[in-house]
Every structure is written in C-alpha cells, then in structure tokens.
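Trainee: Pasting a structure here, questions to come.
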Amino acid sequence: MVAHQNDTNRTGISDVLLNCFVTSPGWQLWLSLPLSLLFLLAMGANAVLLITIRLEASLHEPMYYLLSLLSLLDIVLCLTVIPKVLAIFWFDLRLISFSACFLQMYIMNSFLAMESCTFMVMAFDRYIAICHPLRYPSIITDQFVVKAVIFIVARNVFISLPIPILSARLYYCGRNVIENCICANMSVSRLSCDDVTLNRLYQFAAGWTLLGSDLILIFLSYILILRAVLKLKAEGAVAKALSTCGSHFILILFFSTILLVFVLTHVVKRKVSPDVPILLNVLHHVIPAALNPIVYGVRTQEIKQGIQRLLKKGW
C-alpha cells in the first residue's frame, strides 16, 4: 500500500507551471517584441544560409558543411525554447507536461554542448588552414567532416543523457511551479523532495567537462594561429589570415560571453535580481542563433556572393 502510494505521488504531478520573471513580471511585456524579432531573424537568416550552402556548388567545402551544422543546431535550440517562452509572454500558456519538460531539458543540454563542440572543430579547421595550409586538403576532407559530426553528436548525446534521467527519477511531492521560463535542470529538480546533490554535481561536472574543454581547445588553437600569423612575412598576409578566422572568433565571443555572464550572475546571485540569470538563459538560445549567420554572411565573400546569385535567380 505504501509502495503504491509512493508511485502515485511520483507520477501525480503530470504538468508544471513555468513562472517567468517572478520579481519583474513587467519584463514580459517589453521583451515579447524584441524576442519575437530575434526569433524570426534567427529562423530566416539560418534558413537562407542553409539554402545558399546547399544550392551553391562553390560552397560545398568542409568549412561550410560545419557552418551548416552550426545553423541546424541553432534552429533546433531556438525552436525548443523561444516559441514556448513567447506563448507564455503573449497568451500566459505557462503549463507544460513533465515529459515535454524533460525533453526540452535534454535538447537544451545536448544541443548547447554540440554547438560548443562544433566551434571547437571549426577552430581546428582554421588552425590547419593557417598553420599547415599545404596539408589542409589532405586533412580537412569530407570524410573528416563526417567523422567530426559523428563525434559531436555521439559525445554530447550520451554525456547529456543522464541529466533528464536523474531529474526524472526524483520524488516530486506536490509543488509544481518552476520559477523559470524554461525547464532548466536545477529549476525542475528544486521541485523535488529528494536530495538533488547528485543532479547538481553531474550538471557541474558535465558542463565544465564539455564546454570547459571545448573553450580551452578553441583558445589554444587561436594562440597557435596568432603565433603562426605573426611570423608571416608577405605583404597583406597577416590581414588575410586574420580575416579568414575573424568571423569564427566573433561567433565564439558571442557564445562564450553570454555564457560567462550567465555563470557570473549565478555566482553573485545575491547581488542581482533572480530574474537576470533567467533572462540571460533565454537570450543565450536566440542571440547567437540570430547573429551567427549574419556575421558569416557579411564577413565571408563566398557566402555573400552565393546569396546574391540566389537572389538574382529568384528574381
């Protein structure tokens, strides 16, 4: 009888309420329009980039395949988070099922780590292109891209899998209001009556293992690139070499800066409003996604020319 009652309690809460901006509810009104525009920009710009790379034969190269993967990850992350946030802002549709909540949690954790890993592979691509240009065609091949994609997906799918599983096994005993716009792991786990130390430790360890190692390797690549570039003697060689990896470095700064600010606000959370980390978490799923294709489209001549040719064909 006790066991049956325990099972009922574990599955008794079928839905949860997402309560955005508890201390600053007015934020929802003025955030809804810019967030909608950023979402449309992210969807449109990434779609244009993917279509351009797909249809332009001159862009069928490993670097642009990796950029396509980044665009796909951005689209999935945006679609996983932003429509639900906008539904809350516009229509007060705060209810979400536990299964949908755990699915959103898993996609956010795994795809964010995949994006970080893609940046790391792109940094390696730029390192080989600048530091070992003669060996580039033999190292960075289509086969390399296939292996890199398998590694990116497999590593992050399996390491992120325990996060929703650990949350799902907790005992949820009645309270069903999450003080967040999204189903972040620790926000959901706090609803539990169980000890969440294991969840907290795994989230911390997985986050720093995946994102931390990627960022270290990215910046190590750029230190080696900078060292190689400064040794170039030919006129204009330094500017040309830097311009080839400038777009990529700007994207990494967008990605890591928002992530760093988000982490810092959690560290000093007593000094800032609890709504600030929530806002930063939402923005982190849409701002890089909106800016990534624009930065590459503006700074990369081949992509810019490809988009212009497609527009002319369309007209």
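Starting from 1 in every chain, residues are counted up; chains themselves are A, B, ... following the order of the structure tokens, and ligands are numbered from 1 as listed.
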Kindly provide the residues of stretch 138-171 of chain A that approach stretch 208-220 of chain A to within 10 Å, each paired with its closest atom pair and their distance in Å to one decimal, based on only C-alpha atoms, listed by chain and increasing number, as a Markdown table.

Mentor:
```
| residue | atom | partner | partner_atom | distance |
| --- | --- | --- | --- | --- |
| A:Arg155 | CA | A:Leu210 | CA | 8.9 |
| A:Asn156 | CA | A:Leu210 | CA | 7.9 |
| A:Ile159 | CA | A:Leu210 | CA | 8.6 |
| A:Ser160 | CA | A:Leu210 | CA | 9.5 |
```

Trainee: Can you check which parts of stretch 157-194 of chain A lie within 12 Å of stretch 101-122 of chain A? Per residue, the shortest pair of atoms and distance in Å to one decimal, counting only C-alpha atoms, sorted by chain and number, as a tab-separated table.

Mentor:
```
residue	atom	partner	partner_atom	distance
A:Val157	CA	A:Ser110	CA	5.7
A:Phe158	CA	A:Ser110	CA	8.5
A:Ile159	CA	A:Ser110	CA	7.9
A:Ser160	CA	A:Ser110	CA	5.3
A:Leu161	CA	A:Tyr106	CA	6.8
A:Pro162	CA	A:Tyr106	CA	8.9
A:Ile163	CA	A:Tyr106	CA	7.0
A:Pro164	CA	A:Phe102	CA	5.5
A:Ile165	CA	A:Phe102	CA	8.3
A:Leu166	CA	A:Phe102	CA	10.2
A:Ser167	CA	A:Phe102	CA	7.9
A:Ala168	CA	A:Phe102	CA	7.4
A:Arg169	CA	A:Phe102	CA	11.2
A:Asn176	CA	A:Cys101	CA	11.9
A:Ile178	CA	A:Cys101	CA	10.5
A:Asn180	CA	A:Cys101	CA	11.8
A:Cys181	CA	A:Cys101	CA	11.1
A:Ile182	CA	A:Gln104	CA	8.0
A:Cys183	CA	A:Cys101	CA	5.5
A:Ala184	CA	A:Met105	CA	5.9
A:Asn185	CA	A:Met105	CA	6.3
A:Met186	CA	A:Met105	CA	10.0
A:Ser187	CA	A:Met105	CA	10.3
A:Val188	CA	A:Cys101	CA	8.5
A:Ser189	CA	A:Phe102	CA	10.7
```

Trainee: For stretch 201-301 of chain A against stretch 22-31 of chain A, with a cut-off of 12 Å and counting only C-alpha atoms, what is the closest atom pair and its distance in Å to one decimal for every residue that makes the cut, ordered by chain and number, as JSON lines?

Mentor:
```
{"residue": "A:Val272", "atom": "CA", "partner": "A:Thr23", "partner_atom": "CA", "distance": 11.3}
{"residue": "A:Ser273", "atom": "CA", "partner": "A:Thr23", "partner_atom": "CA", "distance": 7.6}
{"residue": "A:Pro274", "atom": "CA", "partner": "A:Thr23", "partner_atom": "CA", "distance": 7.5}
{"residue": "A:Asp275", "atom": "CA", "partner": "A:Thr23", "partner_atom": "CA", "distance": 6.8}
{"residue": "A:Val276", "atom": "CA", "partner": "A:Ser24", "partner_atom": "CA", "distance": 9.5}
{"residue": "A:Ile278", "atom": "CA", "partner": "A:Val22", "partner_atom": "CA", "distance": 10.2}
{"residue": "A:Leu279", "atom": "CA", "partner": "A:Trp27", "partner_atom": "CA", "distance": 9.2}
{"residue": "A:Val282", "atom": "CA", "partner": "A:Leu31", "partner_atom": "CA", "distance": 10.8}
{"residue": "A:Leu283", "atom": "CA", "partner": "A:Leu31", "partner_atom": "CA", "distance": 10.3}
```

Trainee: Could those residues be written to a file, using N, CA and C atoms, as a CSV table (one decimal), in the first residue's frame?

Mentor:
```csv
chain,number,residue,atom,x,y,z
A,272,VAL,N,22.3,40.3,-7.5
A,272,VAL,CA,21.5,40.7,-8.7
A,272,VAL,C,20.1,40.0,-8.6
A,273,SER,N,19.1,40.6,-9.3
A,273,SER,CA,17.8,40.1,-9.3
A,273,SER,C,17.8,38.6,-9.8
A,274,PRO,N,17.0,37.7,-9.2
A,274,PRO,CA,16.9,36.3,-9.7
A,274,PRO,C,16.4,36.2,-11.1
A,275,ASP,N,15.8,37.2,-11.6
A,275,ASP,CA,15.3,37.2,-13.0
A,275,ASP,C,16.4,37.4,-14.0
A,276,VAL,N,17.5,38.0,-13.6
A,276,VAL,CA,18.6,38.3,-14.6
A,276,VAL,C,19.2,37.0,-15.2
A,278,ILE,N,17.7,34.2,-15.5
A,278,ILE,CA,16.6,33.6,-16.4
A,278,ILE,C,16.6,34.3,-17.7
A,279,LEU,N,16.7,35.6,-17.7
A,279,LEU,CA,16.7,36.4,-18.9
A,279,LEU,C,17.9,36.1,-19.8
A,282,VAL,N,17.5,32.7,-21.5
A,282,VAL,CA,16.6,32.7,-22.7
A,282,VAL,C,17.3,33.4,-23.9
A,283,LEU,N,18.0,34.5,-23.6
A,283,LEU,CA,18.7,35.3,-24.7
A,283,LEU,C,19.8,34.4,-25.3
```

Trainee: Would you mind writing down, as a ChimeraX atom specification, each residue of stretch 183-249 of chain A that DSSP on the backbone assigns to alpha helix (DSSP H)?

Mentor: /A:185-189,197-207,213-230,237-249

Trainee: Separation of atom CA of A:Ile51 and atom CA of A:Val286, in Å?

Mentor: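 It comes out at 20.1 Å.
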
Trainee: Check the smallest atom-to-atom distance from each of A:Leu37, A:Cys20, A:Met63, A:Ala42 to A:Arg126 using only C-alpha atoms, then report the winner.

Mentor: A:Met63

Trainee: What lies within 9 Å of A:Ser58 using only C-alpha atoms, ignoring chain neighbours under 4 positions off, as a ChimeraX atom specification?

Mentor: /A:53,302,306

Trainee: Determine which residues of stretch 87-176 of chain A DSSP labels as strand (DSSP E or B) from the backbone of this structure, then write them out as a PyMOL selection string.

Mentor: chain A and resi 95-97+172

Trainee: Counting only C-alpha atoms, which of A:Leu35, A:Leu49, A:Leu69, A:Val76 gets nearest to A:Val298?

Mentor: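 Ranked by minimum distance to A:Val298, first place goes to A:Leu49.
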
Trainee: Could you name the residues that touch A:Asp195 at 10 Å or less, counting only C-alpha atoms, but leaving out those on the same chain fewer than 5 positions away, as a ChimeraX atom specification?

Mentor: /A:170-171,189-190,200

Trainee: Might you pull out every residue within 6 Å of stretch 80-95 of chain A, with only C-alpha atoms counted and same-chain residues fewer than 3 positions away left off, and present them as a list in words?

Mentor: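 Here the qualifying residues turn out to be Val16, Leu17, Leu18, Gln28 and Leu77 of chain A.
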
Trainee: Grab the residues selected above and save them as a JSON list (two decimals), in the first residue's frame with N, CA, C and O atoms.

Mentor:
```
[["chain", "number", "residue", "atom", "x", "y", "z"],
["A", 16, "VAL", "N", 3.58, 20.98, -15.10],
["A", 16, "VAL", "CA", 4.21, 22.02, -14.26],
["A", 16, "VAL", "C", 3.92, 23.39, -14.87],
["A", 16, "VAL", "O", 3.63, 23.51, -16.06],
["A", 17, "LEU", "N", 4.00, 24.41, -14.03],
["A", 17, "LEU", "CA", 3.79, 25.79, -14.48],
["A", 17, "LEU", "C", 5.13, 26.50, -14.56],
["A", 17, "LEU", "O", 5.92, 26.47, -13.61],
["A", 18, "LEU", "N", 5.40, 27.15, -15.68],
["A", 18, "LEU", "CA", 6.61, 27.94, -15.85],
["A", 18, "LEU", "C", 6.29, 29.39, -15.47],
["A", 18, "LEU", "O", 5.51, 30.06, -16.15],
["A", 28, "GLN", "N", 8.03, 40.85, -19.19],
["A", 28, "GLN", "CA", 7.42, 40.03, -20.24],
["A", 28, "GLN", "C", 6.86, 40.91, -21.37],
["A", 28, "GLN", "O", 7.01, 40.58, -22.54],
["A", 77, "LEU", "N", 17.75, 24.62, -31.27],
["A", 77, "LEU", "CA", 17.76, 25.27, -29.95],
["A", 77, "LEU", "C", 16.70, 26.36, -29.86],
["A", 77, "LEU", "O", 15.98, 26.47, -28.86]]
```
